[in-house]
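**Q** Below: one structure in structure tokens.
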Amino acid sequence: MSGARFRGALVAAAVLGCATPPRPRELDAYEAVKKGANLQEAAKRAPDLVTSSDKLGQKAVEEWESNDLEESRRDAIMAQIKLKTALALAEQDRLKAKIEKLSSDQGAADEEYASVSKDLASETEKLTLLQKYLEARKTADADKQRLSQQMSSDQQKAEAEQQRLSQQLATEQKIAAAQLALHTAETVDASKYASADYRAATDMLDKAQGELKQSAFAAAQASADVAKKNADHAAELSKPRYEQAEQASQNKMRDDALSRDASGVPGVSVRIDRRGDLQRLVLAIPDLFSKKQTTVAPGHEAVLDGIAALVNKYTTYPVQVIGHTDSRGKSGELVAISAARAQAVYGALVSRGVEARRLMPSGVGGDEPLEDNHSAAGRAKNNRIEIVFLYH
Amino acid sequence: MRLWTRRWARALSLVALLVASTAGRAARAGEEDDLQRQIETQRGGVADIERLDELHTAGDELALLKAWLDEAWALRAKHEYDDVRGVLDRALAQAELIRQKIAASKLRAQADKREADLQLTRRKIDQSRKALADTTIKKKALEVGSK
């Protein structure tokens with residue numbers, strides 16, 4: 001039994017002694033590196049290293065198979081180192097090529113980026129300018145519209161104001177015209193001669209002025225027109241009456257002045273006779289002629305000068321020069337004497353500058369005595385020259 | 001004559017043995033110093049490599065390198081110079097591997113950055129193109145609207 005065990009043990013020892021030992025892990029690691037590597041590339045880049053690695057690897061295998069494990073491990077490690085170095089060198093070349101290509105690509109990309117950026121900047125600038133332009137145009141349009149509206153509004157206001165002022169002016173003009181017409185009417189005393197129309201005009205003018213204050217221009221104009229119409233009518237109605245009255249007044253004033261001036265002439269007596277509508281201012285000059293004489297007796301120049309000045313002062317009056325006698329004598333002779341005497345005075349007045357055409361000499365004889373012819377005093381008064389100013 | 005020759009031969013052998021013994025000790029001492037310098041030089045190189053590895057892509061390899069240099073130092077102390085040389089050769093190769101890996105990683109980072117930059121630029125191009133198209137459409141719309 002023990003002999004059998006011994007023999008078995010010897011057999012096992014022999015088997016174990018002759019068997020290949022386990023592969024060193026360094027050798028496995030080398031094989032793994034070799035298997036996963038791009039050997040062609042490494043061999044091309046570092047042929048010495050790869051060859052050396054191969055030899056060492058082969059040697060490590062042989063040493064392993066020869067059971068020289070320590071040597072196998074060392075050589076496997078060395079082979080792995082050399083192979084890895086060759087692979088690192090190959091990787092470097094690969095990376096350098098890659099870097100070179102990337103640099104080239106980067107250059108192209110940079111150029112492309114620069115070009116695109118330039119285009120983008122240009123387009124962006126254009127867009128910005130366009131936006132600014134459109135914004136400015138929009139603003140300008142808005143301003144234009146606003147200004148247009150403002151101008152339109154202002155223009156409307158101005159037009160309205162202008163229209164208002166125009167209406168106000170027209171109204172004021174119409175009122176002024178009505179006032180003028182009213183004043184014109186007043187100058188012809190329309191309040192007296194056409195009181196109804198004048199009052200109506202006054203009332204309408206007051207109304208027009210009130211309406212003007214209230215800016216009721218149309219109504220004010222209508223009222224002013226009516227006022228003017230009334231005033232014109234009043235003036236039209238009043239004018240002839242006024243003129244007539246005025247004329248009468250003037251005539252009366254003139255007549256009064258004539259009468260006053262006539263009274264101032266020395267040696268005459270003044271009286272006023274009315275014959276119908278005709279007024280007669282009579283200046284009686286007695287004792288101008290001697291008995292039965294037809295030439296002016298001396299010493300009466302002052303009387304004749306005064307008469308001539310009076311006639312020349314009041315030029316509008318027709319003047320009669322009438323000779324009168326007393327009743328002693330034949331009527332025909334008396335008329336002739338009186339006419340001759342009138343003619344003599346006429347000549348004396350003409351010689352003093354009186355217009356001949358204004359004087360109408362005539363003789364009436366003794367038909368119009370002033371006093372009784374039975375007394376000498378009466379006859380003296382009846383022998384006279386009368387200067388008669390005629391008027392209405 | 002033969003005696004003289006034997007004596008001389010014996011003496012020469014002793015001298016040769018003495019010289020060989022002395023030279024062997026001197027050679028061993030010189031080799032140990034040389035290996036120590038190599039180890040220290042490589043350790044100094046490790047510091048340089050660590051400074052180079054800004055992206056920390058070779059941490060495992062550096063740890064392995066340091067471990068191997070420690071191993072070499074330990075083997076030197078045991079006067080196993082052949083093993084020290086083997087480990088130093090391996091460490092030298094490992095240092096070179098690390099340098100190349102760092103260089104590759106830097107190139108990779110550079111490539112990644114370039115790629116990212118390129119992608120960014122392309123995105124900018126796309127955005128600019130879209131903005132350009134939008135702007136053009138907007139401008140045309142405004143132009144049409146303004147007429």
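Order determines the names: the first chain of the structure tokens is A, the second B, and so forth; residues in each chain are numbered 1 upward, and ligands are numbered 1 upward as they are shown.
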Any idea what's packed within 9 Å of Tyr346 in chain A, counting only C-alpha atoms, ignoring anything in its chain fewer than 6 positions away? Could you give it as number ranges by chain?
**A** A: 321, 354, 356, 359-361
**Q** What are the residues of chain B lining chain A at 6 Å or less? Count only C-alpha atoms, and put the answer as a list in words.
**A** Leu97, Gln100, Lys101, Ala104, Ala111, Leu118, Ile125, Leu132 and Lys139 of chain B
**Q** Please provide the set of residues having any atom within 8 Å of range 55-59 of chain B, restricted to only C-alpha atoms, with same-chain residues fewer than 5 positions apart removed, written as an NGL selection string.
**A** :B and (98 or 101-102 or 105-106)
**Q** So that I have them on file, write out the residues from the current selection with C-alpha atoms, as a compact mmCIF listing (two decimals), in the first residue's frame.
**A**
# COMPACT_ATOMS: atom_id res chain seq x y z
CA ILE B 98 6.73 57.42 -20.23
CA LYS B 101 3.31 58.62 -23.63
CA ILE B 102 3.44 62.09 -22.11
CA SER B 105 -0.93 62.71 -24.30
CA LYS B 106 0.06 66.33 -24.82
**Q** Provide the CA of Ala76 in chain A to CA of Glu26 in chain A distance in Å, to one decimal place.
**A**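 Taking CA of Ala76 in chain A as the start and CA of Glu26 in chain A as the end point, the length is 5.7 Å.
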**Q** Expressed in Å to a single decimal, how great is the separation between CA of Asp232 in chain A and CA of Ala178 in chain A?
**A**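 Straight-line distance from CA of Asp232 in chain A to CA of Ala178 in chain A works out to 8.4 Å.
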**Q** One decimal, Å: what's the distance from CA of Asp53 in chain B over to CA of Ala103 in chain B, could you say?
**A**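 Spanning CA of Asp53 in chain B to CA of Ala103 in chain B is a straight-line distance of 8.8 Å.
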**Q** From the set B:Arg7, B:Arg99, B:Ala133, B:Gly30, which residue has the shortest atom-to-atom contact distance to Leu52 in chain B, counting only C-alpha atoms?
**A**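 For Leu52 in chain B, the nearest of the candidates is B:Arg99.
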**Q** So that I can see what lies close to range 237-242 of chain A, please list as number ranges by chain the residues with an atom at most 8 Å from it, counting only C-alpha atoms and leaving out residues fewer than 4 positions away in the same chain.
**A** A: 185, 188-190, 192-194, 233, 246
**Q** Identify, with DSSP run on backbone atoms, the residues in range 83-315 of chain A assigned to strand (DSSP E), and express the list as a PyMOL selection string.
**A** chain A and resi 269-275+278-286
**Q** Could you name the residues that touch Leu92 in chain B at 10 Å or less, counting only C-alpha atoms, but leaving out those on the same chain fewer than 3 positions away, as a list of chain:residue names?
**A**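 Listed by chain and then number, they are B:Gln38, B:Ile39, B:Gln42, B:Gly45, B:Leu65, B:Leu69, B:Gly86, B:Val87, B:Leu88, B:Asp89, B:Ala95, B:Glu96, B:Leu97, B:Ile98.
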**Q** Keeping only N, CA and C atoms, write those residues as a PDB file, in the first residue's frame.
**A**
ATOM      1  N   GLN B  38      23.985  55.681 -11.826  1.00  0.00           N
ATOM      2  CA  GLN B  38      22.917  55.484 -12.820  1.00  0.00           C
ATOM      3  C   GLN B  38      21.535  55.520 -12.155  1.00  0.00           C
ATOM      4  N   ILE B  39      21.472  54.865 -10.998  1.00  0.00           N
ATOM      5  CA  ILE B  39      20.175  54.844 -10.287  1.00  0.00           C
ATOM      6  C   ILE B  39      19.768  56.267  -9.879  1.00  0.00           C
ATOM      7  N   GLN B  42      18.732  58.243 -12.815  1.00  0.00           N
ATOM      8  CA  GLN B  42      17.363  57.905 -13.252  1.00  0.00           C
ATOM      9  C   GLN B  42      16.327  58.421 -12.269  1.00  0.00           C
ATOM     10  N   GLY B  45      15.825  61.811 -13.089  1.00  0.00           N
ATOM     11  CA  GLY B  45      15.006  61.870 -14.320  1.00  0.00           C
ATOM     12  C   GLY B  45      13.538  61.677 -14.030  1.00  0.00           C
ATOM     13  N   LEU B  65       8.007  52.641 -12.491  1.00  0.00           N
ATOM     14  CA  LEU B  65       9.407  53.052 -12.668  1.00  0.00           C
ATOM     15  C   LEU B  65      10.087  53.272 -11.318  1.00  0.00           C
ATOM     16  N   LEU B  69      13.264  51.287  -9.776  1.00  0.00           N
ATOM     17  CA  LEU B  69      14.481  51.951  -9.327  1.00  0.00           C
ATOM     18  C   LEU B  69      14.782  51.576  -7.871  1.00  0.00           C
ATOM     19  N   GLY B  86      20.084  44.908 -15.395  1.00  0.00           N
ATOM     20  CA  GLY B  86      18.849  44.519 -16.112  1.00  0.00           C
ATOM     21  C   GLY B  86      17.703  45.428 -15.729  1.00  0.00           C
ATOM     22  N   VAL B  87      17.578  45.646 -14.414  1.00  0.00           N
ATOM     23  CA  VAL B  87      16.465  46.511 -13.952  1.00  0.00           C
ATOM     24  C   VAL B  87      16.660  47.943 -14.471  1.00  0.00           C
ATOM     25  N   LEU B  88      17.923  48.421 -14.454  1.00  0.00           N
ATOM     26  CA  LEU B  88      18.173  49.798 -14.939  1.00  0.00           C
ATOM     27  C   LEU B  88      17.869  49.925 -16.433  1.00  0.00           C
ATOM     28  N   ASP B  89      18.226  48.881 -17.188  1.00  0.00           N
ATOM     29  CA  ASP B  89      17.868  48.919 -18.626  1.00  0.00           C
ATOM     30  C   ASP B  89      16.356  49.039 -18.804  1.00  0.00           C
ATOM     31  N   ALA B  95      11.301  54.772 -18.755  1.00  0.00           N
ATOM     32  CA  ALA B  95      11.327  56.245 -18.747  1.00  0.00           C
ATOM     33  C   ALA B  95      11.080  56.798 -20.152  1.00  0.00           C
ATOM     34  N   GLU B  96      11.693  56.138 -21.135  1.00  0.00           N
ATOM     35  CA  GLU B  96      11.471  56.575 -22.513  1.00  0.00           C
ATOM     36  C   GLU B  96      10.005  56.387 -22.919  1.00  0.00           C
ATOM     37  N   LEU B  97       9.485  55.215 -22.508  1.00  0.00           N
ATOM     38  CA  LEU B  97       8.061  54.968 -22.792  1.00  0.00           C
ATOM     39  C   LEU B  97       7.197  56.070 -22.179  1.00  0.00           C
ATOM     40  N   ILE B  98       7.520  56.401 -20.914  1.00  0.00           N
ATOM     41  CA  ILE B  98       6.730  57.425 -20.232  1.00  0.00           C
ATOM     42  C   ILE B  98       6.823  58.765 -20.971  1.00  0.00           C
TER      43      ILE B  98
END
**Q** So which residues touch Arg73 in chain A within 10 Å, counting only C-alpha atoms, skipping near sequence neighbours fewer than 2 positions away, as a PyMOL selection string?
**A** chain A and resi 23-28+30+57+60-61+63-64+68-71+75-79
**Q** Could you take the residues named above and write them with C-alpha atoms, as a PDB file, in the first residue's frame?
**A**
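Output below, filename selection12.pdb:
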ATOM      1  CA  ARG A  23       2.212  31.681 -18.324  1.00  0.00           C
ATOM      2  CA  PRO A  24       3.552  34.689 -16.510  1.00  0.00           C
ATOM      3  CA  ARG A  25       0.961  37.472 -16.383  1.00  0.00           C
ATOM      4  CA  GLU A  26       3.593  39.857 -17.840  1.00  0.00           C
ATOM      5  CA  LEU A  27       3.613  37.669 -20.928  1.00  0.00           C
ATOM      6  CA  ASP A  28      -0.180  37.708 -21.099  1.00  0.00           C
ATOM      7  CA  TYR A  30       2.381  41.744 -23.546  1.00  0.00           C
ATOM      8  CA  GLY A  57       8.432  38.493 -26.745  1.00  0.00           C
ATOM      9  CA  ALA A  60       9.958  35.323 -23.197  1.00  0.00           C
ATOM     10  CA  VAL A  61       7.734  32.619 -24.631  1.00  0.00           C
ATOM     11  CA  GLU A  63      11.868  31.050 -21.566  1.00  0.00           C
ATOM     12  CA  TRP A  64       8.417  30.365 -20.256  1.00  0.00           C
ATOM     13  CA  ASP A  68      12.612  29.930 -16.899  1.00  0.00           C
ATOM     14  CA  LEU A  69       9.844  32.067 -15.537  1.00  0.00           C
ATOM     15  CA  GLU A  70      11.838  34.903 -14.095  1.00  0.00           C
ATOM     16  CA  GLU A  71      13.659  35.544 -17.372  1.00  0.00           C
ATOM     17  CA  ASP A  75      11.729  39.871 -21.220  1.00  0.00           C
ATOM     18  CA  ALA A  76       7.929  40.085 -21.505  1.00  0.00           C
ATOM     19  CA  ILE A  77       8.003  43.306 -19.538  1.00  0.00           C
ATOM     20  CA  MET A  78      10.763  44.665 -21.743  1.00  0.00           C
ATOM     21  CA  ALA A  79       8.943  43.579 -24.868  1.00  0.00           C
TER      22      ALA A  79
END
**Q** Please return, as an MDAnalysis selection string, all residues of range 206-331 of chain A that DSSP assigns to helix (DSSP H, G or I) on the basis of the backbone.
**A** chainID A and resid 206:213 217:263 301:313 331
**Q** Measuring between only C-alpha atoms, which one of A:Ser249, A:Gln279, A:Thr20, A:Gln343 shows the shortest distance to Ser66 in chain A?
**A**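 Counting only C-alpha atoms, the residue closest to Ser66 in chain A is A:Thr20.
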**Q** Between A:Phe217, A:Ala227, A:Val364, A:Arg358, which residue has the minimum interatomic distance to Gly332 in chain A, considering only C-alpha atoms?
**A**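 Looking at the shortest contact to Gly332 in chain A, the residue is A:Val364.
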